[in-house]
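See structure below.
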Amino acid sequence: MLHPDRLFPADPATRDMARALYATVKDLPIISPHGHTDPRWYAENALFPDPARLFVVPDHYIYRMLYSQGVRLEDLGIPRLDGTAVEQDPRKIWRLFAKHYFLFRGTPTRIWIDHAFETLFGLTERLSPANADHHYDVIEAALHSEAFRPRALFDRMGIEVISTTDGALDDLGWHRMIRESGWKGRVVPAYRPDAVVDPEFRGFRENVERLGALTGEQTGSWEGYLRAHQARRAYFKEFGATSSDHGHASAATANLDPGEASALFQRVLKPGVSAADAELFRAQMLTEMARMSLEDGLVLQIHPGSFRNHNALLFERFGRDTGADIPQRTDYVRALKPLLDAHGNDSRLSVILFTLDETSYARELAPLAGHYPCLKLGPAWWFFDAPDGMRRFRDLTTETAGFYNTVGFNDDTRAFPSIPARHDVARRVDCAFLAERVVTHRVDEDEAFALAHDLAYRLAKEAYRL
Amino acid sequence: MLHPDRLFPADPATRDMARALYATVKDLPIISPHGHTDPRWYAENALFPDPARLFVVPDHYIYRMLYSQGVRLEDLGIPRLDGTAVEQDPRKIWRLFAKHYFLFRGTPTRIWIDHAFETLFGLTERLSPANADHHYDVIEAALHSEAFRPRALFDRMGIEVISTTDGALDDLGWHRMIRESGWKGRVVPAYRPDAVVDPEFRGFRENVERLGALTGEQTGSWEGYLRAHQARRAYFKEFGATSSDHGHASAATANLDPGEASALFQRVLKPGVSAADAELFRAQMLTEMARMSLEDGLVLQIHPGSFRNHNALLFERFGRDTGADIPQRTDYVRALKPLLDAHGNDSRLSVILFTLDETSYARELAPLAGHYPCLKLGPAWWFFDAPDGMRRFRDLTTETAGFYNTVGFNDDTRAFPSIPARHDVARRVDCAFLAERVVTHRVDEDEAFALAHDLAYRLAKEAYRL
Amino acid sequence: MLHPDRLFPADPATRDMARALYATVKDLPIISPHGHTDPRWYAENALFPDPARLFVVPDHYIYRMLYSQGVRLEDLGIPRLDGTAVEQDPRKIWRLFAKHYFLFRGTPTRIWIDHAFETLFGLTERLSPANADHHYDVIEAALHSEAFRPRALFDRMGIEVISTTDGALDDLGWHRMIRESGWKGRVVPAYRPDAVVDPEFRGFRENVERLGALTGEQTGSWEGYLRAHQARRAYFKEFGATSSDHGHASAATANLDPGEASALFQRVLKPGVSAADAELFRAQMLTEMARMSLEDGLVLQIHPGSFRNHNALLFERFGRDTGADIPQRTDYVRALKPLLDAHGNDSRLSVILFTLDETSYARELAPLAGHYPCLKLGPAWWFFDAPDGMRRFRDLTTETAGFYNTVGFNDDTRAFPSIPARHDVARRVDCAFLAERVVTHRVDEDEAFALAHDLAYRLAKEAYRL
């Protein structure tokens, strides 16, 4: 299934150049500075249960597509919050997946799955209803072997370092277990404080109290609350964290004076917080996080623009992350100004911006990153971490921001077997892009080879201080 | 004028693949599920009057371009509302058109006209002032022949089914006449209720009264008004309608409780309706139409985003549809939520979304259609139903929504002779897109052939339940 | 460094066609109807001081990129407002530039600089730390020769006419000096009245008083103020001006009745003007300028969408134009309506629209320009006057507006040595675009040759009435 020239340009001369570039980067170690794999996997190093629970059940890219064509989530084994029975037979789930595999024609999911099938399981025939059981049997058999335990896969995939994403209240017990196991694999956490930063997060007030209990700080006061964040960040750093991550609905930042911020904090701790106060508090906290970054060196990632849990029925029935997070228009120029006015000229600060609104790439993000010392652009993300999306990212940012205000690739995934495929796609797309630049005499050949290495490996490592 | 490889990629290997794909779809029947041809043509089957009135006078794509370069609409024979004399000599209009034909270089109008000239009239030389009279004479002579009557053209064009668009108050008399004529051509209406749904439509209140008179319902009450819609929809279905069509300024939907909706209806029936109430009423009516669709199975088409009649002077002088409808920014994520909260998870419902704001393709529409069972994406529309526009549609939607949340092509035209050209362009562009996917090993060859057929024929037929 | 095929498509057949087209336009004279070169250069015809002050210090494209990677502006010799010492040694600045030259990989700056190095100074090796001194010495030596005086360069660059951009209060003394010198080079001013039109411009009220003093009009009254503009426009026309230029934050226009406008004018003359009044006044003045254009024939350029001086610290330290002007979302459809309602159908008026928001190209600008007789589209601008940006401009506007509602290229630059490079890039990109249209049989070959000439030369000359 995997043609060696996949994703390379059709023009023969350009394809030759893409091949030559790719040959120098395809085997580089994987730097995965932002993602959502479960640290428990690496800690326990247990066998994965079955093909459906490895590929289908946890992957919202897959089940949203099937859902869009009328397949019930219950039939895919997605657990319901109310405990209503859902399909438990992994083989049935797998057959349903196979029956609808044609829906993924032209999508990145297809590329990732085919890549995992072939490189991890030696399956070279496209999944279909006819071969569904065969594929299932092959994968299931493999999953019982030592070579398919998480740590063995980690090594086989060539991962040099991977970051998980962890709530501020997480005790990092799995990370501790990894450390104490003596295993050499480098798995680090990232500080994701939504639950204690977003007043609209379920249980926000209780979460802030738990934050206090965890740190011994009086989180009922603004000063104590900030100190508690500092303490948690320091704790995360002990386990190797180099970044924090913030997924607000907008990119709004604020820089209130301490008295105003303190009063706002008291308001958001009370029930019935207004939407405006909630937004302002999240905005203020981005600037506070930037300030803490100046002290402790964590890289600040801003991932705005998603309307979370858009589908009210599914949210109620299945909970968060069931595939109904929809991008929306996101403005950066005014939104980021308070943070930038405060710290934007400090080159010790490193802020990595992501977007789900591609209209901001050329209009806002590239000009901002091409000016402010603290700003860099994260790679094409989520719905756009696919060949066309990645290509548009380069097309729309390079002329203004260059390559060196970008940070290489990150896979951002909880789908473990897709990690090598995702990095491979990014490397191929970047090599194709560079090859076209060489053949049209816009970038010299020696520069393209240097850039290919930078984009595949060095920039991610440096930008994330890994 | 028509090169057999037009619109195919330049790269030889990719072009070969595009040719092979196209060969299998070029002669498929035309499914035209959304358009604006006049049912009277098929009913009366009269000769078209002259070349100018066939090609120039009814085509706002043509006269807006000439107008943008200083040609007066009066000189193109566009009738004025006040009855002021306009040019009546079709040959003079034709010569003016020919003189400015160079303006269409690089535009879809040029492709459509050249295609009609060559395939319908055997004209193989590009229109110019020098050959204007010759072209006129050839076309005029043809228009006097039986082979150029609407029904003969319909058959010759290979139309399997075509939908017109008809006001809710239309008696469908021409459709009745077609039915009663015994002609086998399949022409169906679509339910377009703007005049009785949009409180800002001229004559809205009188229209609602007429709606009552037509249906025997008390349209002064909310319940009666809704029943009257149901009755009209049933009437349209008798003539083969399978869809309704809604062209609001925005995509706003609402889901008020019946008491609120009823009170709103009473307010919009009174003079001096506020812009907010008008918008809210249109929004509410989209959800009501969705509810009716659940009952009667009509597909719901939403065509938002046009600022109608932008040019105040032309609107006053020439009326609606004189070429000054300008797209504007359109948001879907919040706008559609009320309708989707109500019925978005019901896979019996089929809502086809269009846009004039390409920024929403990747950011909003593909993620929405790639999740909600009821949503599908209409093809590139209006200003974007051209090779580059169609290509961007595929580039920006496929990775997230796949192909199977799209509905094939519809020509959306009142320019009868352009119908085969428009479908041919869509087929060529899709085959070119698929060929590139094959050559870059992103779609398998057998899949591309299946997809080519689906995009050219099957998806339109199924999505519109034709 | 300059490959003869640079920027041409990779496909051999398409490249051949691009070459053929380009051969017919590459030596056409340069029409530069909008730019920011200093008329003093042409007036005094003095030698340029040194390589750093020719290439680095005045070019915000260069220093913003270096700044984004942590280089201090002081170290690049950018003067501070408070007189704090900055680097004065041009060789040190040059070495710093050379050290960071790799940052420009893939950017237009790289293309422009390489082009100037090779064509003006005979340097054929890419700038690097290793050859920085050599390049410096070669350029410095050349700058001491007669052939590198501004007028000699002007002739050598093949400039037929160039427009500067001049404040409304400018006495055009340098333009007078050029006129009186007997030199044949055609340098004309453009009327840029921001300082007396934008109530938020520093010193606005004093500027309006100076406007009165210059013209002998009572600029304390609305009528006198308008007459003063007319007088200054007439004065600019004496020196060859054919256009005015307006760089507001938004594209808002207004058409108040004279009483309202007069009252608004009195309000904005007072301290503490509100943001809404300032915006409304700028909006009104665009319509007033359109009215004056109907009288005096100046072409009206609207350059909206920049958030000026976004970086508060740099603005305070270095002043305007230090690289922190960031594009923002810009709407045209509603914004332009008041002006268009007033004068949009008058084909004597010529309004050239620019944007920094590419989302408006296809959605708003092309449909507007493809309809209104007075509107034309300016070329890709500022961050987008680069190969990809120019290409997107054609991709997104041609199908709706055609080529003849566009106005060719303008370089919009203060970087004198980059002018030929910029026009060369535009010609290559347009020829590449046309070549692809020919090879895919969308534009006939003879038409492409005509279009290449139009886009490179004729349209700019005609649209700007030069």
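Residue numbering restarts at 1 in every chain; chains get A, B, ... in the order shown in the structure tokens, and ligands count up from 1 in that same order.
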
Problem set entry | Test item: chain C residues at most 9 Å from chain B, counting only C-alpha atoms, as an MDAnalysis selection string | chainID C and resid 11:14 331:334 337 340:341 344:347 359:360 362:364 367:376 395:396 398:405 436:437 439:444 447 451

Could you please take those selected residues and save N, CA and C atoms as a tab-separated table (two decimals), in the first residue's frame?
```
chain	number	residue	atom	x	y	z
C	11	ASP	N	7.15	21.87	-14.65
C	11	ASP	CA	6.77	21.07	-15.81
C	11	ASP	C	7.41	21.64	-17.08
C	12	PRO	N	8.12	20.79	-17.84
C	12	PRO	CA	8.90	21.31	-18.98
C	12	PRO	C	8.08	22.08	-20.02
C	13	ALA	N	6.93	21.58	-20.38
C	13	ALA	CA	6.13	22.26	-21.40
C	13	ALA	C	5.64	23.61	-20.87
C	14	THR	N	5.25	23.63	-19.63
C	14	THR	CA	4.76	24.87	-19.04
C	14	THR	C	5.90	25.87	-18.89
C	331	ASP	N	-13.14	44.10	6.07
C	331	ASP	CA	-14.37	43.88	5.33
C	331	ASP	C	-14.59	45.03	4.34
C	332	TYR	N	-15.08	44.68	3.17
C	332	TYR	CA	-15.27	45.67	2.12
C	332	TYR	C	-16.73	45.85	1.73
C	333	VAL	N	-17.52	44.80	1.83
C	333	VAL	CA	-18.85	44.82	1.22
C	333	VAL	C	-19.73	45.90	1.84
C	334	ARG	N	-19.80	45.93	3.15
C	334	ARG	CA	-20.57	46.99	3.80
C	334	ARG	C	-19.77	48.28	3.89
C	337	LYS	N	-19.97	50.54	0.79
C	337	LYS	CA	-21.28	50.81	0.21
C	337	LYS	C	-21.63	52.30	0.19
C	340	LEU	N	-19.87	53.78	-2.70
C	340	LEU	CA	-20.37	53.22	-3.96
C	340	LEU	C	-21.80	53.67	-4.25
C	341	ASP	N	-22.62	53.78	-3.22
C	341	ASP	CA	-23.97	54.30	-3.44
C	341	ASP	C	-23.90	55.71	-4.02
C	344	GLY	N	-20.46	55.00	-7.19
C	344	GLY	CA	-19.94	53.73	-7.70
C	344	GLY	C	-20.26	53.44	-9.15
C	345	ASN	N	-21.30	54.07	-9.67
C	345	ASN	CA	-21.70	53.80	-11.06
C	345	ASN	C	-21.15	54.83	-12.04
C	346	ASP	N	-20.28	55.68	-11.54
C	346	ASP	CA	-19.72	56.73	-12.39
C	346	ASP	C	-18.40	56.24	-12.96
C	347	SER	N	-18.38	55.97	-14.25
C	347	SER	CA	-17.15	55.36	-14.77
C	347	SER	C	-16.04	56.39	-14.98
C	359	THR	N	-8.44	36.85	2.36
C	359	THR	CA	-9.77	36.22	2.32
C	359	THR	C	-10.77	37.08	1.56
C	360	SER	N	-10.46	38.35	1.40
C	360	SER	CA	-11.39	39.22	0.68
C	360	SER	C	-11.20	39.19	-0.83
C	362	ALA	N	-11.33	36.75	-3.20
C	362	ALA	CA	-12.36	36.04	-3.97
C	362	ALA	C	-13.75	36.35	-3.47
C	363	ARG	N	-13.85	36.53	-2.16
C	363	ARG	CA	-15.18	36.69	-1.57
C	363	ARG	C	-15.75	38.07	-1.82
C	364	GLU	N	-14.94	39.11	-1.74
C	364	GLU	CA	-15.48	40.45	-1.79
C	364	GLU	C	-14.90	41.30	-2.92
C	367	PRO	N	-15.67	40.09	-6.74
C	367	PRO	CA	-17.06	40.37	-7.12
C	367	PRO	C	-17.37	41.87	-7.19
C	368	LEU	N	-16.82	42.66	-6.30
C	368	LEU	CA	-17.06	44.11	-6.36
C	368	LEU	C	-16.43	44.70	-7.62
C	369	ALA	N	-15.18	44.37	-7.86
C	369	ALA	CA	-14.49	44.93	-9.03
C	369	ALA	C	-15.05	44.37	-10.33
C	370	GLY	N	-15.61	43.18	-10.26
C	370	GLY	CA	-16.24	42.58	-11.43
C	370	GLY	C	-17.64	43.11	-11.68
C	371	HIS	N	-18.03	44.08	-10.89
C	371	HIS	CA	-19.34	44.69	-11.09
C	371	HIS	C	-19.27	46.21	-11.23
C	372	TYR	N	-18.69	46.88	-10.26
C	372	TYR	CA	-18.75	48.35	-10.26
C	372	TYR	C	-17.79	48.96	-11.28
C	373	PRO	N	-18.27	49.87	-12.08
C	373	PRO	CA	-17.40	50.49	-13.10
C	373	PRO	C	-16.22	51.24	-12.50
C	374	CYS	N	-16.35	51.76	-11.30
C	374	CYS	CA	-15.28	52.60	-10.75
C	374	CYS	C	-14.18	51.79	-10.08
C	375	LEU	N	-14.42	50.51	-9.82
C	375	LEU	CA	-13.48	49.75	-8.99
C	375	LEU	C	-12.50	48.92	-9.80
C	376	LYS	N	-11.25	48.94	-9.34
C	376	LYS	CA	-10.24	48.01	-9.86
C	376	LYS	C	-9.42	47.49	-8.68
C	395	ASP	N	-4.91	33.57	-8.62
C	395	ASP	CA	-5.78	32.40	-8.45
C	395	ASP	C	-7.15	32.80	-7.91
C	396	LEU	N	-7.15	33.76	-7.04
C	396	LEU	CA	-8.36	34.08	-6.29
C	396	LEU	C	-9.19	35.19	-6.93
C	398	THR	N	-9.00	36.03	-10.65
C	398	THR	CA	-9.16	36.02	-12.11
C	398	THR	C	-10.52	35.48	-12.55
C	399	GLU	N	-10.96	34.41	-11.95
C	399	GLU	CA	-12.20	33.80	-12.45
C	399	GLU	C	-13.40	34.74	-12.29
C	400	THR	N	-13.37	35.59	-11.30
C	400	THR	CA	-14.51	36.49	-11.10
C	400	THR	C	-14.29	37.88	-11.69
C	401	ALA	N	-13.12	38.42	-11.52
C	401	ALA	CA	-12.88	39.80	-11.99
C	401	ALA	C	-12.18	39.85	-13.33
C	402	GLY	N	-11.69	38.72	-13.82
C	402	GLY	CA	-10.89	38.74	-15.03
C	402	GLY	C	-9.56	39.44	-14.79
C	403	PHE	N	-8.83	39.68	-15.88
C	403	PHE	CA	-7.57	40.41	-15.77
C	403	PHE	C	-7.77	41.92	-15.87
C	404	TYR	N	-8.85	42.31	-16.52
C	404	TYR	CA	-8.95	43.73	-16.89
C	404	TYR	C	-9.60	44.60	-15.82
C	405	ASN	N	-9.95	44.00	-14.71
C	405	ASN	CA	-10.29	44.80	-13.54
C	405	ASN	C	-9.13	44.83	-12.54
C	436	GLU	N	0.58	28.34	-17.43
C	436	GLU	CA	-0.25	27.24	-16.97
C	436	GLU	C	-1.64	27.30	-17.59
C	437	ARG	N	-2.16	28.50	-17.74
C	437	ARG	CA	-3.46	28.65	-18.38
C	437	ARG	C	-3.41	28.21	-19.85
C	439	VAL	N	-1.20	25.98	-21.19
C	439	VAL	CA	-0.93	24.54	-21.28
C	439	VAL	C	-2.15	23.72	-20.87
C	440	THR	N	-2.98	24.29	-20.02
C	440	THR	CA	-4.22	23.58	-19.67
C	440	THR	C	-5.39	24.06	-20.53
C	441	HIS	N	-5.07	24.78	-21.60
C	441	HIS	CA	-6.05	25.15	-22.62
C	441	HIS	C	-7.20	25.99	-22.07
C	442	ARG	N	-6.85	26.89	-21.19
C	442	ARG	CA	-7.87	27.80	-20.65
C	442	ARG	C	-7.73	29.19	-21.24
C	443	VAL	N	-6.54	29.51	-21.74
C	443	VAL	CA	-6.30	30.79	-22.41
C	443	VAL	C	-5.54	30.45	-23.68
C	444	ASP	N	-5.92	31.08	-24.79
C	444	ASP	CA	-5.21	30.81	-26.04
C	444	ASP	C	-3.83	31.46	-26.01
C	447	GLU	N	-3.62	35.12	-26.84
C	447	GLU	CA	-4.16	35.92	-25.74
C	447	GLU	C	-3.16	36.04	-24.60
C	451	LEU	N	-1.87	39.34	-22.89
C	451	LEU	CA	-2.05	39.55	-21.45
C	451	LEU	C	-0.72	39.81	-20.74
```

For this session: If you run DSSP over the backbone, which residues in range 373-417 of chain C end up helix (DSSP H, G or I)? Put them as JSON, numbers by chain.
Result: {"C": [382, 383, 384, 387, 388, 389, 390, 391, 392, 393, 394, 395, 396, 397, 398, 399, 400, 401, 416, 417]}

Problem set entry | Selection: 6 Å around range 281-283 of chain A, only C-alpha atoms, excl. self and same-chain fewer than 6 positions, as a list in words |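 Neighbouring residues, sequence-local ones excluded: Asp198, Ala252, Thr253 and Ala254 of chain A.
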
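Neighbouring residues of Ser243 in chain A at 10 Å or closer, counting only C-alpha atoms and skipping chain neighbours under 6 positions away, are Pro33, His34, Ser163, Thr165, Val188, Pro189, Ala190, Tyr191, Arg192, Arg233, Phe236, Lys237, Ser293, Asp296, Gly297, Leu298, Val299, Leu300, Gln301, Ser350, Val351, Ile352, Tyr464, Arg465 and Leu466 of chain A.
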
Give me, as a PDB file with C-alpha atoms, in the first residue's frame, all polymer residues having an atom no more than 10 Å from Thr24 in chain A, counting only C-alpha atoms and skipping those fewer than 3 positions away in the same chain.
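So out-v6.pdb came out as:
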```
ATOM      1  CA  ARG A  19      13.381  11.815  -2.961  1.00  0.00           C
ATOM      2  CA  ALA A  20      16.940  13.018  -2.405  1.00  0.00           C
ATOM      3  CA  LEU A  21      15.895  15.354   0.389  1.00  0.00           C
ATOM      4  CA  ASP A  27      15.343   7.888   9.502  1.00  0.00           C
ATOM      5  CA  LEU A  28      15.944  10.783  11.851  1.00  0.00           C
ATOM      6  CA  CYS A 431      10.619  17.719   1.325  1.00  0.00           C
ATOM      7  CA  PHE A 449      19.146  19.872   2.566  1.00  0.00           C
ATOM      8  CA  ALA A 450      19.876  21.966   5.640  1.00  0.00           C
ATOM      9  CA  ALA A 452      14.954  19.455   5.478  1.00  0.00           C
ATOM     10  CA  HIS A 453      16.977  18.454   8.529  1.00  0.00           C
ATOM     11  CA  ALA A 456      12.327  17.275  10.526  1.00  0.00           C
TER      12      ALA A 456
END
```

For this session: Find the residues near range 264-266 of chain B: any atom within 12 Å, counting only C-alpha atoms, skip ones fewer than 5 places away on the same chain, and give them as an MDAnalysis selection string.
Result: chainID B and resid 196:199 204:205 208 219:226 254:259 271 273:274 276:285

Exercise. If you measure from CA of His229 in chain C to CA of Leu377 in chain C, what distance in Å do you get, rounded to one decimal?
Worked result: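 Atom-to-atom, CA of His229 in chain C to CA of Leu377 in chain C, that is 25.2 Å.
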
Exercise. Between CA of Val57 in chain A and CA of Leu153 in chain A, what is the spacing in Å?
Worked result: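 These two atoms are separated by 19.7 Å.
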
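Every protein, DNA or RNA residue with an atom at most 10 Å from Pro79 in chain C, where only C-alpha atoms count and chain neighbours fewer than 4 positions away do not, is listed here: Val57, Leu73, Glu74, Asp75, Gly83, Thr84, Ala85, Val86, Glu87, Gln88, Arg317, Phe318 and Gly319 of chain C.
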
For this session: Give me every strand (DSSP E) residue in range 214-424 of chain C, going by DSSP on the backbone, as a ChimeraX atom specification.
Result: /C:243-246,299-302,306-307,326-327,351-353,375-377

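The gap separating CA of Pro379 in chain C from CA of Thr355 in chain C is 8.8 Å, in Å to one decimal.
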